[in-house]
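S.K.: Input structure_30.txt, format and content: compact mmCIF, C-alpha atoms.
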```txt
# COMPACT_ATOMS: atom_id res chain seq x y z
CA MET A 1 111.26 101.49 165.34
CA GLU A 2 108.98 98.71 164.19
CA ALA A 3 109.16 95.68 161.95
CA LEU A 4 106.44 95.21 159.37
CA HIS A 5 105.38 92.66 156.85
CA LEU A 6 104.21 94.63 153.84
CA ASP A 7 101.87 93.08 151.32
CA ILE A 8 103.56 93.47 147.98
CA ALA A 9 102.63 90.99 145.29
CA PRO A 10 103.93 88.39 145.04
CA GLY A 11 104.30 87.50 148.70
CA ARG A 12 105.19 89.75 151.58
CA ARG A 13 108.23 91.85 152.22
CA TYR A 14 109.81 92.37 155.57
CA ALA A 15 110.58 95.99 156.34
CA VAL A 16 111.72 98.02 159.30
CA VAL A 17 110.32 101.49 159.84
CA HIS A 18 112.34 103.97 161.86
CA GLU A 19 110.05 106.75 163.02
CA PRO A 20 111.00 110.02 164.64
CA GLY A 21 109.29 110.83 167.95
CA GLU A 22 107.15 113.46 166.23
CA PRO A 23 105.74 113.86 162.69
CA PRO A 24 108.69 113.70 160.29
CA ARG A 25 109.83 116.37 157.87
CA ALA A 26 111.13 113.92 155.31
CA LEU A 27 110.91 110.28 154.21
CA VAL A 28 113.69 107.95 153.12
CA VAL A 29 113.55 104.50 151.56
CA HIS A 30 116.72 102.42 151.71
CA VAL A 31 117.70 100.11 148.84
CA HIS A 32 120.10 97.50 150.11
CA ALA A 33 123.22 95.98 148.59
CA PHE A 34 123.64 92.66 146.79
CA ALA A 35 123.95 89.33 148.62
CA ASP A 36 126.64 89.26 151.33
CA GLU A 37 127.31 92.99 151.07
CA MET A 38 123.78 93.51 152.40
CA ASN A 39 124.41 91.22 155.35
CA LYS A 40 127.70 92.84 156.28
CA ALA A 41 126.22 96.31 156.08
CA ARG A 42 123.20 95.64 158.28
CA ARG A 43 124.64 97.33 161.32
CA MET A 44 125.66 100.50 159.48
CA VAL A 45 122.27 100.71 157.78
CA ALA A 46 120.49 100.33 161.13
CA LEU A 47 122.74 102.94 162.75
CA GLN A 48 122.10 105.36 159.93
CA ALA A 49 118.34 104.81 159.94
CA ARG A 50 118.23 105.45 163.69
CA ALA A 51 120.35 108.56 163.34
CA LEU A 52 118.03 109.87 160.63
CA ALA A 53 114.96 109.18 162.78
CA ALA A 54 116.59 111.10 165.61
CA GLU A 55 116.82 114.05 163.21
CA GLY A 56 113.14 113.94 162.23
CA VAL A 57 113.34 111.71 159.15
CA ALA A 58 111.18 108.58 158.81
CA VAL A 59 113.07 105.69 157.20
CA LEU A 60 111.74 102.55 155.54
CA VAL A 61 114.25 99.71 155.22
CA PRO A 62 112.68 96.88 153.17
CA ASP A 63 114.22 93.51 152.37
CA LEU A 64 113.83 92.82 148.67
CA LEU A 65 112.31 89.58 147.35
CA GLY A 66 114.32 86.62 148.53
CA CYS A 67 116.55 88.70 150.78
CA GLY A 68 116.76 88.95 154.54
CA ASP A 69 113.43 88.17 156.13
CA SER A 70 111.25 88.74 153.10
CA ASP A 71 109.26 86.02 151.39
CA GLY A 72 110.81 83.97 148.65
CA ASP A 73 114.19 82.40 148.14
CA PHE A 74 117.11 84.33 146.75
CA GLY A 75 116.90 82.01 143.74
CA ASP A 76 113.43 83.39 142.94
CA ALA A 77 114.65 86.96 142.67
CA THR A 78 114.92 88.66 139.30
CA TRP A 79 116.09 92.19 138.57
CA ASP A 80 112.56 93.16 137.50
CA ALA A 81 111.11 91.79 140.74
CA TRP A 82 113.52 93.95 142.70
CA ARG A 83 112.68 96.99 140.58
CA SER A 84 109.00 96.43 141.39
CA ASP A 85 109.83 96.07 145.06
CA VAL A 86 111.57 99.43 145.14
CA VAL A 87 108.75 101.15 143.24
CA ASN A 88 106.19 99.60 145.59
CA ALA A 89 108.21 100.49 148.66
CA CYS A 90 108.24 104.14 147.61
CA ALA A 91 104.48 104.15 147.00
CA LEU A 92 103.89 102.47 150.34
CA ALA A 93 106.17 104.88 152.16
CA ARG A 94 104.22 107.84 150.80
CA GLN A 95 100.91 106.16 151.58
CA MET A 96 101.90 105.15 155.11
CA ALA A 97 103.17 108.64 155.78
CA SER A 98 99.95 110.31 154.67
CA GLU A 99 97.98 107.91 156.88
CA ARG A 100 100.19 108.16 159.95
CA TRP A 101 100.83 111.86 159.76
CA PRO A 102 97.84 113.40 157.98
CA SER A 103 98.97 116.86 159.05
CA ARG A 104 102.10 116.43 156.93
CA GLN A 105 100.98 115.78 153.38
CA GLY A 106 103.41 115.50 150.50
CA LEU A 107 106.52 114.86 152.58
CA PRO A 108 109.70 114.91 150.47
CA LEU A 109 110.94 111.41 149.66
CA SER A 110 114.57 110.45 149.14
CA LEU A 111 116.14 107.18 148.10
CA TRP A 112 119.28 105.94 149.84
CA GLY A 113 121.20 103.07 148.31
CA LEU A 114 124.28 101.05 149.12
CA ARG A 115 126.51 99.65 146.34
CA ALA A 116 124.35 97.72 143.82
CA GLY A 117 121.27 99.19 145.50
CA CYS A 118 122.26 102.45 143.81
CA LEU A 119 121.96 100.71 140.42
CA LEU A 120 118.39 99.76 141.27
CA ILE A 121 117.66 103.32 142.29
CA ALA A 122 118.98 104.68 138.99
CA ASP A 123 116.87 102.09 137.18
CA VAL A 124 113.54 102.97 138.85
CA MET A 125 113.82 106.65 139.75
CA GLN A 126 111.64 107.66 136.84
CA HIS A 127 108.77 105.54 138.18
CA VAL A 128 108.52 106.63 141.81
CA GLY A 129 107.32 110.21 141.56
CA PRO A 130 109.24 113.33 142.61
CA LEU A 131 112.36 112.64 144.65
CA ALA A 132 114.09 115.17 146.85
CA SER A 133 117.48 113.52 146.88
CA LEU A 134 119.38 110.36 146.10
CA VAL A 135 122.06 109.22 148.50
CA PHE A 136 124.58 106.79 147.06
CA TRP A 137 126.81 104.96 149.48
CA GLN A 138 129.89 103.69 147.62
CA PRO A 139 127.81 103.22 144.48
CA ALA A 140 128.52 100.41 142.07
CA LEU A 141 129.04 102.05 138.68
CA ASP A 142 128.33 98.99 136.66
CA GLY A 143 126.27 95.89 137.42
CA LYS A 144 128.62 93.87 135.26
CA GLN A 145 131.37 94.44 137.83
CA VAL A 146 129.07 93.50 140.71
CA LEU A 147 128.16 90.26 138.95
CA GLN A 148 131.81 89.57 138.15
CA GLN A 149 132.78 90.10 141.79
CA PHE A 150 129.95 87.82 142.91
CA LEU A 151 130.72 85.03 140.45
CA ARG A 152 134.33 85.28 141.52
CA LEU A 153 133.23 83.55 144.73
CA GLN A 154 132.81 80.40 142.67
CA SER A 155 136.05 80.63 140.70
CA VAL A 156 138.14 81.49 143.75
CA GLY A 157 136.40 78.81 145.78
CA MET A 158 137.24 76.32 143.06
CA LEU A 159 140.80 77.60 142.83
CA LEU A 160 141.48 77.37 146.52
CA GLY A 161 139.43 74.25 147.08
CA ARG A 162 141.15 72.23 144.44
CA GLY A 163 144.05 70.14 145.65
CA PRO A 164 146.35 67.99 143.46
CA ARG A 165 143.80 65.13 143.51
CA ASP A 166 141.12 67.41 142.07
CA ALA A 167 143.17 68.17 138.99
CA ALA A 168 142.11 64.84 137.53
CA LYS A 169 138.42 65.58 138.05
CA GLU A 170 136.49 67.40 135.37
CA ALA A 171 136.07 71.06 136.16
CA PRO A 172 132.42 72.00 136.78
CA VAL A 173 130.64 74.12 134.16
CA PRO A 174 131.53 77.76 134.78
CA ALA A 175 128.74 79.85 136.21
CA ARG A 176 128.65 82.24 133.27
CA LYS A 177 128.05 79.43 130.84
CA GLN A 178 125.20 78.06 132.92
CA LEU A 179 123.59 81.49 133.19
CA ALA A 180 123.94 82.01 129.45
CA MET A 181 122.08 78.72 128.98
CA GLY A 182 119.24 80.08 131.11
CA GLN A 183 120.07 78.01 134.16
CA HIS A 184 120.29 78.95 137.79
CA VAL A 185 123.74 78.78 139.33
CA GLU A 186 124.79 78.11 142.89
CA VAL A 187 127.48 80.45 144.16
CA ALA A 188 128.66 80.58 147.77
CA GLY A 189 125.33 79.33 149.03
CA TYR A 190 123.32 81.72 146.87
CA ARG A 191 121.14 80.43 144.07
CA LEU A 192 121.23 82.99 141.27
CA HIS A 193 118.39 83.35 138.75
CA PRO A 194 119.62 83.95 135.19
CA ALA A 195 117.19 86.89 134.93
CA LEU A 196 118.75 88.47 138.02
CA ALA A 197 122.22 88.02 136.58
CA ALA A 198 121.14 89.49 133.24
CA GLY A 199 119.37 92.48 134.79
CA LEU A 200 122.23 93.20 137.15
CA GLU A 201 124.78 92.86 134.39
CA SER A 202 123.11 95.49 132.23
CA ALA A 203 122.53 97.99 135.05
CA ARG A 204 124.51 101.23 134.96
CA LEU A 205 124.71 104.09 137.40
CA LEU A 206 123.36 106.60 134.93
CA PRO A 207 120.36 108.89 135.30
CA GLN A 208 117.11 108.13 133.55
CA PRO A 209 116.48 110.69 130.86
CA THR A 210 114.69 113.64 132.40
CA GLN A 211 111.27 114.17 130.95
CA THR A 212 109.77 117.60 131.41
CA ALA A 213 106.37 115.93 131.85
CA VAL A 214 107.71 114.04 134.87
CA TYR A 215 109.57 116.95 136.42
CA PRO A 216 107.39 120.05 136.68
CA ILE A 217 109.10 123.31 137.61
CA GLU A 218 108.20 122.88 141.29
CA ALA A 219 109.91 119.49 141.50
CA PRO A 220 113.42 119.74 140.06
CA PRO A 221 115.60 116.66 139.50
CA ALA A 222 116.75 115.03 142.73
CA GLN A 223 119.98 116.19 144.33
CA VAL A 224 122.49 113.39 144.23
CA HIS A 225 124.84 112.82 147.17
CA TRP A 226 127.61 110.48 146.13
CA LEU A 227 129.45 109.28 149.22
CA GLU A 228 132.62 107.26 149.00
CA ILE A 229 134.11 105.56 152.00
CA SER A 230 137.84 104.99 152.11
CA ASN A 231 140.63 104.82 154.67
CA GLN A 232 143.27 105.63 152.11
CA PRO A 233 145.11 108.78 153.14
CA GLN A 234 145.43 109.91 149.53
CA PRO A 235 142.77 108.18 147.48
CA GLU A 236 143.36 108.09 143.75
CA PRO A 237 140.68 109.73 141.62
CA ASN A 238 138.50 107.28 139.71
CA PRO A 239 137.91 108.43 136.11
CA ALA A 240 134.93 106.12 135.59
CA ALA A 241 133.21 107.55 138.66
CA ARG A 242 133.93 111.10 137.53
CA ALA A 243 132.40 110.35 134.13
CA ALA A 244 129.25 108.96 135.78
CA GLN A 245 129.01 112.03 138.04
CA ASP A 246 129.28 114.30 135.02
CA ALA A 247 126.47 112.39 133.32
CA TRP A 248 124.20 113.12 136.28
CA ARG A 249 125.12 116.79 136.14
CA ALA A 250 124.46 116.87 132.42
CA ALA A 251 120.99 115.45 133.10
CA GLY A 252 120.24 118.39 135.38
CA HIS A 253 120.98 116.91 138.80
CA ILE A 254 123.01 118.74 141.41
CA MET A 255 125.76 116.24 142.15
CA ARG A 256 127.65 116.40 145.41
CA HIS A 257 130.55 114.00 145.68
CA ARG A 258 132.26 113.45 149.00
CA ARG A 259 134.84 111.05 150.33
CA VAL A 260 134.63 110.18 154.04
CA PRO A 261 137.12 108.15 156.06
CA GLY A 262 136.01 104.66 157.05
CA PRO A 263 136.36 100.94 156.39
CA ALA A 264 134.67 99.13 153.50
CA PHE A 265 132.05 97.82 155.92
CA TRP A 266 130.10 95.99 153.17
CA GLN A 267 133.27 93.92 152.47
CA THR A 268 135.19 93.51 155.70
CA THR A 269 135.53 90.15 157.39
CA GLU A 270 134.27 91.56 160.67
CA ILE A 271 131.34 93.92 161.06
CA GLU A 272 132.73 97.45 161.03
CA GLU A 273 131.32 100.93 161.42
CA ALA A 274 131.99 104.21 159.66
CA PRO A 275 130.82 107.03 161.96
CA ALA A 276 131.94 109.74 159.55
CA LEU A 277 129.52 108.38 156.98
CA ILE A 278 126.61 108.69 159.41
CA GLY A 279 127.33 112.38 159.86
CA ALA A 280 127.80 112.99 156.15
CA THR A 281 124.50 111.27 155.32
CA LEU A 282 122.68 113.28 157.97
CA GLY A 283 124.11 116.37 156.35
CA ALA A 284 122.82 115.22 152.99
CA ILE A 285 119.28 114.32 154.09
CA GLY A 286 118.58 114.94 157.73
CA ARG A 287 119.44 118.50 158.45
CA ALA A 288 118.47 119.79 155.05
CA GLY A 289 115.13 118.01 155.37
CA ALA A 290 114.84 117.61 151.64
CA MET B 1 151.43 106.00 149.05
CA ASP B 2 153.43 103.25 147.36
CA VAL B 3 151.84 100.04 146.14
CA THR B 4 153.23 97.86 148.95
CA THR B 5 151.95 100.13 151.71
CA ASN B 6 148.61 100.47 149.97
CA VAL B 7 148.25 96.70 149.56
CA LEU B 8 149.14 96.13 153.22
CA HIS B 9 146.58 98.72 154.34
CA THR B 10 143.94 97.05 152.15
CA LEU B 11 144.84 93.60 153.48
CA ASP B 12 144.63 94.87 157.05
CA GLU B 13 141.29 96.53 156.47
CA VAL B 14 139.53 93.78 154.52
CA LEU B 15 140.64 91.02 156.89
CA SER B 16 140.08 93.17 160.00
CA LEU B 17 143.64 92.46 161.14
CA LYS B 18 143.78 95.51 163.43
CA GLY B 19 147.19 96.67 162.25
CA ARG B 20 148.88 93.27 162.05
CA ALA B 21 149.33 93.53 158.28
CA LEU B 22 151.22 96.79 158.62
CA THR B 23 154.12 94.83 160.16
CA PHE B 24 154.33 92.43 157.17
CA ASP B 25 157.08 92.58 154.58
CA ARG B 26 157.44 91.09 151.07
CA ALA B 27 158.41 87.69 152.43
CA SER B 28 155.41 87.39 154.75
CA PRO B 29 153.26 84.40 153.75
CA LEU B 30 149.56 84.99 153.10
CA LEU B 31 147.45 82.07 151.83
CA GLY B 32 147.57 79.29 154.36
CA ALA B 33 149.37 81.44 156.93
CA ILE B 34 146.54 83.82 157.77
CA PRO B 35 143.42 82.05 159.05
CA GLU B 36 141.24 85.03 158.11
CA LEU B 37 142.22 84.60 154.45
CA ASP B 38 139.64 82.07 153.28
CA SER B 39 138.09 82.01 149.79
CA MET B 40 135.46 84.61 150.68
CA ALA B 41 138.11 86.93 152.06
CA VAL B 42 140.20 86.43 148.91
CA VAL B 43 137.23 87.57 146.84
CA SER B 44 136.67 90.61 149.07
CA LEU B 45 140.36 91.38 148.83
CA ILE B 46 140.38 91.19 145.02
CA THR B 47 137.29 93.38 144.81
CA THR B 48 138.74 96.00 147.13
CA LEU B 49 142.10 95.96 145.32
CA GLU B 50 140.23 96.44 142.03
CA GLU B 51 138.48 99.48 143.38
CA ARG B 52 141.44 100.98 145.23
CA PHE B 53 143.87 100.63 142.32
CA GLY B 54 141.40 101.02 139.48
CA ILE B 55 142.42 97.67 138.00
CA VAL B 56 140.37 94.81 136.55
CA VAL B 57 141.15 91.27 137.62
CA ASP B 58 139.94 88.59 135.21
CA ASP B 59 139.25 85.06 136.35
CA ASP B 60 142.25 83.91 134.30
CA ASP B 61 144.53 86.20 136.29
CA ILE B 62 143.80 84.50 139.56
CA ASP B 63 146.25 81.86 140.60
CA GLY B 64 146.92 80.38 144.01
CA SER B 65 150.50 81.61 143.79
CA THR B 66 149.32 85.24 143.52
CA PHE B 67 148.35 85.11 147.17
CA ALA B 68 151.33 83.10 148.39
CA THR B 69 153.19 86.05 149.91
CA VAL B 70 152.87 89.81 150.30
CA GLY B 71 155.54 90.14 147.62
CA SER B 72 153.68 88.02 145.06
CA LEU B 73 150.47 89.96 145.68
CA VAL B 74 152.19 93.35 145.45
CA ASP B 75 153.91 92.31 142.21
CA PHE B 76 150.58 91.18 140.79
CA VAL B 77 148.90 94.49 141.65
CA ALA B 78 151.85 96.58 140.47
CA GLY B 79 151.85 94.67 137.19
CA LYS B 80 148.17 95.41 136.67
CA VAL B 81 148.58 99.08 137.51
CA GLY B 82 151.50 99.41 135.15
CA GLY B 83 149.90 97.52 132.26
```
Before anything else, please render the file you have as structure tokens.

M.R.:
Amino acid sequence: MEALHLDIAPGRRYAVVHEPGEPPRALVVHVHAFADEMNKARRMVALQARALAAEGVAVLVPDLLGCGDSDGDFGDATWDAWRSDVVNACALARQMASERWPSRQGLPLSLWGLRAGCLLIADVMQHVGPLASLVFWQPALDGKQVLQQFLRLQSVGMLLGRGPRDAAKEAPVPARKQLAMGQHVEVAGYRLHPALAAGLESARLLPQPTQTAVYPIEAPPAQVHWLEISNQPQPEPNPAARAAQDAWRAAGHIMRHRRVPGPAFWQTTEIEEAPALIGATLGAIGRAGA
Amino acid sequence: MDVTTNVLHTLDEVLSLKGRALTFDRASPLLGAIPELDSMAVVSLITTLEERFGIVVDDDDIDGSTFATVGSLVDFVAGKVGG
């Protein structure tokens, strides 16, 4: 495992590479979750990357612009900047692989996302060349919901922070209004660029239209592994998720949906692990190889 | 699984209460009584309840009293599921 600073304009991006002990049989690039969900999930992502490396898969885990240890402030990040980061990370992964392991050219590349990271994947998959598989961990179906949940930090904070004396004070301008006016907003310590909010809000977990020019016969559409994590003994089916899964099938992707037991580690107050998810993800990428 | 049990399981999981929430009943106080339940945890809780129950919680729906007790929270969720 090594930490790198990749040169991606503008600025540098911090990334961790998890390498198997011998030349790999597959490559994976991780696309992390949004804001605090990314932080809470760090441990699980690291555990998974290590487990994949142990099974012969090289994994690149970059921090997007303004996130983690990468250059830039969170307030500089826009949806388009993140899209570029993912596209560049894929190109770099392929390039690094062909340089490090010249005996293994054309290694299959898969994208593995968590929550809103899956929205980014759906948004850029057409621009990163042939993909073997897409692994979605608890994918966000709709960026609008992710934004709503994020902005809720401000409204709940205001709600709980306001005592009887505050009632007389003027309520601050709601975040949505500020964003609509093209202004940054400050939510729970995060400065949010209006272009990030707008891009996130319009993101949907739907496949890019398949173009026969992009997918030659030898490189079929990526297999999609949709992994849900829940500790509910009898989880209710989610119609919106089913509709999204059907859309991927209709676009020619093999869609495998699975529910594994585990805590919502991207949300929980304490850092938690979901060992069943590690095994399921290995099954999706590691053992199959592609 | 009924709504109350489901809500208690969600509460326990999101706040990492290690089973404590499973001993709560309708009268058990939440906001102010559980140190783990700060504003960030409330947001995580709402998000998880949205996903578990397939409901949508608007900003207007959220009121301090919703999180006063287990009972008030369960009634809120049940009302959303029903409506």

S.K.: Dig up all the protein and nucleic acid residues within 10 Å of (120.5, 108.6, 163.4) in the file frame, using all atoms listed in the file, and format them as a PyMOL selection string.

M.R.: chain A and resi 18+20+45-57+278-279+281-282+286

S.K.: Would you give me, as a VMD selection string, the residues of chain A that come within 6 Å of chain B, using all atoms listed in the file?

M.R.: chain A and resid 157 267 to 269

S.K.: How would the residues just picked look written out with C-alpha atoms as a PDB file, in the coordinates of the input?

M.R.:
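Everything below was put into result-v6.pdb:
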```
ATOM      1  CA  GLY A 157     136.400  78.810 145.780  1.00  0.00           C
ATOM      2  CA  GLN A 267     133.270  93.920 152.470  1.00  0.00           C
ATOM      3  CA  THR A 268     135.190  93.510 155.700  1.00  0.00           C
ATOM      4  CA  THR A 269     135.530  90.150 157.390  1.00  0.00           C
TER       5      THR A 269
END
```

S.K.: Go through B:Val3, B:Leu30, B:Val81, B:Leu8 one by one, measure the shortest atom-to-atom distance of each to B:Thr66 using only C-alpha atoms, and give the residue with the smallest value.

M.R.: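 Looking at the shortest contact to B:Thr66, the residue is B:Leu30.
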
S.K.: Excluding A:Ser202 and its own-chain neighbours fewer than 2 positions away, which residues fall within 7 Å of it when counting only C-alpha atoms? Please give them as an MDAnalysis selection string.

M.R.: chainID A and resid 143:144 198:200 204

S.K.: Keeping only C-alpha atoms, take the residues you just selected and write them out as a PDB file, keeping the file's coordinate frame.

M.R.:
```
ATOM      1  CA  GLY A 143     126.270  95.890 137.420  1.00  0.00           C
ATOM      2  CA  LYS A 144     128.620  93.870 135.260  1.00  0.00           C
ATOM      3  CA  ALA A 198     121.140  89.490 133.240  1.00  0.00           C
ATOM      4  CA  GLY A 199     119.370  92.480 134.790  1.00  0.00           C
ATOM      5  CA  LEU A 200     122.230  93.200 137.150  1.00  0.00           C
ATOM      6  CA  ARG A 204     124.510 101.230 134.960  1.00  0.00           C
TER       7      ARG A 204
END
```

S.K.: Distance atom CA of A:Val173-atom CA of A:Met158, one decimal place?

M.R.: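 Here the two named atoms are 11.3 Å from each other.
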
S.K.: Extract, using only C-alpha atoms, all DNA, RNA and protein residues at most 12 Å from A:Ala188, discarding same-chain residues fewer than 4 positions from it, and format them as a PDB file with C-alpha atoms, in the frame of the given file.

M.R.:
```
ATOM      1  CA  ALA A  35     123.950  89.330 148.620  1.00  0.00           C
ATOM      2  CA  ASP A  36     126.640  89.260 151.330  1.00  0.00           C
ATOM      3  CA  GLN A 149     132.780  90.100 141.790  1.00  0.00           C
ATOM      4  CA  PHE A 150     129.950  87.820 142.910  1.00  0.00           C
ATOM      5  CA  LEU A 151     130.720  85.030 140.450  1.00  0.00           C
ATOM      6  CA  ARG A 152     134.330  85.280 141.520  1.00  0.00           C
ATOM      7  CA  LEU A 153     133.230  83.550 144.730  1.00  0.00           C
ATOM      8  CA  GLN A 154     132.810  80.400 142.670  1.00  0.00           C
ATOM      9  CA  SER A 155     136.050  80.630 140.700  1.00  0.00           C
ATOM     10  CA  VAL A 156     138.140  81.490 143.750  1.00  0.00           C
ATOM     11  CA  GLY A 157     136.400  78.810 145.780  1.00  0.00           C
ATOM     12  CA  MET A 158     137.240  76.320 143.060  1.00  0.00           C
ATOM     13  CA  ALA A 175     128.740  79.850 136.210  1.00  0.00           C
ATOM     14  CA  LEU A 192     121.230  82.990 141.270  1.00  0.00           C
TER      15      LEU A 192
ATOM     16  CA  SER B  39     138.090  82.010 149.790  1.00  0.00           C
ATOM     17  CA  MET B  40     135.460  84.610 150.680  1.00  0.00           C
ATOM     18  CA  VAL B  43     137.230  87.570 146.840  1.00  0.00           C
TER      19      VAL B  43
END
```

S.K.: Could you tell me how far atom CA of A:Leu92 lies from atom CA of A:Met125, in Å and to one decimal?

M.R.: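 Straight-line distance from atom CA of A:Leu92 to atom CA of A:Met125 works out to 15.1 Å.
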
S.K.: As an exercise, work out the distance from atom CA of A:Asp142 to atom CA of A:Leu119 in Å and give it to one decimal place.

M.R.: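 Interatomic distance, atom CA of A:Asp142 to atom CA of A:Leu119: 7.6 Å.
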
S.K.: Which residues, written as an MDAnalysis selection string, have at least one atom at most 9 Å from A:Leu277, with all atoms listed in the file counted and residues fewer than 6 positions away on the same chain left out?

M.R.: chainID A and resid 48 137 227:229 259:262

S.K.: Hey, can you pull every residue with an atom no more than 12 Å from (128.5, 75.7, 133.5), using all atoms listed in the file, and send it as a list of chain:residue names?

M.R.: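 Residues with an atom at most 12 Å from (128.5, 75.7, 133.5): A:Leu151, A:Gln154, A:Ser155, A:Glu170, A:Ala171, A:Pro172, A:Val173, A:Pro174, A:Ala175, A:Arg176, A:Lys177, A:Gln178, A:Leu179, A:Ala180, A:Met181, A:Gly182, A:Gln183, A:His184, A:Val185, A:Glu186, A:Val187.
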
S.K.: Write out as a list in words which residues come within 10 Å of B:Ala33 when counting only C-alpha atoms, dropping same-chain ones fewer than 5 positions away.

M.R.: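 Contacts, in chain order: Ser28, Ala68 and Thr69 of chain B.
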
S.K.: Which polymer residues have any atom within 12 Å of an atom of B:Asp25, counting only C-alpha atoms, with same-chain residues fewer than 4 positions away left out, as a list of chain:residue names?

M.R.: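 Near B:Asp25, the qualifying residues are B:Thr4, B:Thr5, B:Val7, B:Leu8, B:Arg20, B:Ala21, B:Pro29, B:Leu30, B:Thr69, B:Val70, B:Gly71, B:Ser72, B:Leu73, B:Val74.
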
S.K.: Counting all atoms listed in the file, which of A:Arg43, A:Arg258, A:His225, A:His193 gets nearest to A:Ala274?

M.R.: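 Comparing A:Arg43, A:Arg258, A:His225, A:His193 against A:Ala274, the winner is A:Arg43.
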
S.K.: Pick the closest to B:Ile55 from B:Gly19, B:Asp2, B:Ile34, B:Val77: which is it, counting all atoms listed in the file?

M.R.: B:Val77

S.K.: Between A:His127, A:Trp266, A:Val135, A:Met38, which is the closest to A:Gly283 once you count only C-alpha atoms?

M.R.: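 So, comparing all the options, the nearest one is A:Val135.
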
S.K.: Place N, CA and C atoms on stretch 16-29 of chain B and deliver the coordinates as a PDB file, in the frame of the given file.

M.R.:
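That gives us selection_9.pdb:
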```pdb
ATOM      1  N   SER B  16     140.249  92.683 158.623  1.00  0.00           N
ATOM      2  CA  SER B  16     140.080  93.170 160.000  1.00  0.00           C
ATOM      3  C   SER B  16     141.241  92.712 160.885  1.00  0.00           C
ATOM      4  N   LEU B  17     142.456  92.941 160.421  1.00  0.00           N
ATOM      5  CA  LEU B  17     143.640  92.460 161.140  1.00  0.00           C
ATOM      6  C   LEU B  17     144.134  93.424 162.225  1.00  0.00           C
ATOM      7  N   LYS B  18     143.485  94.546 162.353  1.00  0.00           N
ATOM      8  CA  LYS B  18     143.780  95.510 163.430  1.00  0.00           C
ATOM      9  C   LYS B  18     145.257  95.934 163.458  1.00  0.00           C
ATOM     10  N   GLY B  19     145.822  96.143 162.319  1.00  0.00           N
ATOM     11  CA  GLY B  19     147.190  96.670 162.250  1.00  0.00           C
ATOM     12  C   GLY B  19     148.260  95.610 162.068  1.00  0.00           C
ATOM     13  N   ARG B  20     147.876  94.339 162.201  1.00  0.00           N
ATOM     14  CA  ARG B  20     148.880  93.270 162.050  1.00  0.00           C
ATOM     15  C   ARG B  20     149.569  93.303 160.695  1.00  0.00           C
ATOM     16  N   ALA B  21     148.767  93.565 159.637  1.00  0.00           N
ATOM     17  CA  ALA B  21     149.330  93.530 158.280  1.00  0.00           C
ATOM     18  C   ALA B  21     150.373  94.614 158.062  1.00  0.00           C
ATOM     19  N   LEU B  22     150.300  95.675 158.822  1.00  0.00           N
ATOM     20  CA  LEU B  22     151.220  96.790 158.620  1.00  0.00           C
ATOM     21  C   LEU B  22     152.643  96.408 159.040  1.00  0.00           C
ATOM     22  N   THR B  23     152.784  95.289 159.753  1.00  0.00           N
ATOM     23  CA  THR B  23     154.120  94.830 160.160  1.00  0.00           C
ATOM     24  C   THR B  23     154.690  93.810 159.167  1.00  0.00           C
ATOM     25  N   PHE B  24     153.877  93.433 158.147  1.00  0.00           N
ATOM     26  CA  PHE B  24     154.330  92.430 157.170  1.00  0.00           C
ATOM     27  C   PHE B  24     155.375  93.030 156.242  1.00  0.00           C
ATOM     28  N   ASP B  25     156.199  92.140 155.657  1.00  0.00           N
ATOM     29  CA  ASP B  25     157.080  92.580 154.580  1.00  0.00           C
ATOM     30  C   ASP B  25     156.870  91.659 153.381  1.00  0.00           C
ATOM     31  N   ARG B  26     157.637  91.841 152.320  1.00  0.00           N
ATOM     32  CA  ARG B  26     157.440  91.090 151.070  1.00  0.00           C
ATOM     33  C   ARG B  26     157.440  89.584 151.291  1.00  0.00           C
ATOM     34  N   ALA B  27     158.269  89.127 152.233  1.00  0.00           N
ATOM     35  CA  ALA B  27     158.410  87.690 152.430  1.00  0.00           C
ATOM     36  C   ALA B  27     157.267  87.085 153.252  1.00  0.00           C
ATOM     37  N   SER B  28     156.466  87.909 153.862  1.00  0.00           N
ATOM     38  CA  SER B  28     155.410  87.390 154.750  1.00  0.00           C
ATOM     39  C   SER B  28     154.427  86.523 153.968  1.00  0.00           C
ATOM     40  N   PRO B  29     154.185  85.295 154.458  1.00  0.00           N
ATOM     41  CA  PRO B  29     153.260  84.400 153.750  1.00  0.00           C
ATOM     42  C   PRO B  29     151.814  84.821 153.986  1.00  0.00           C
TER      43      PRO B  29
END
```
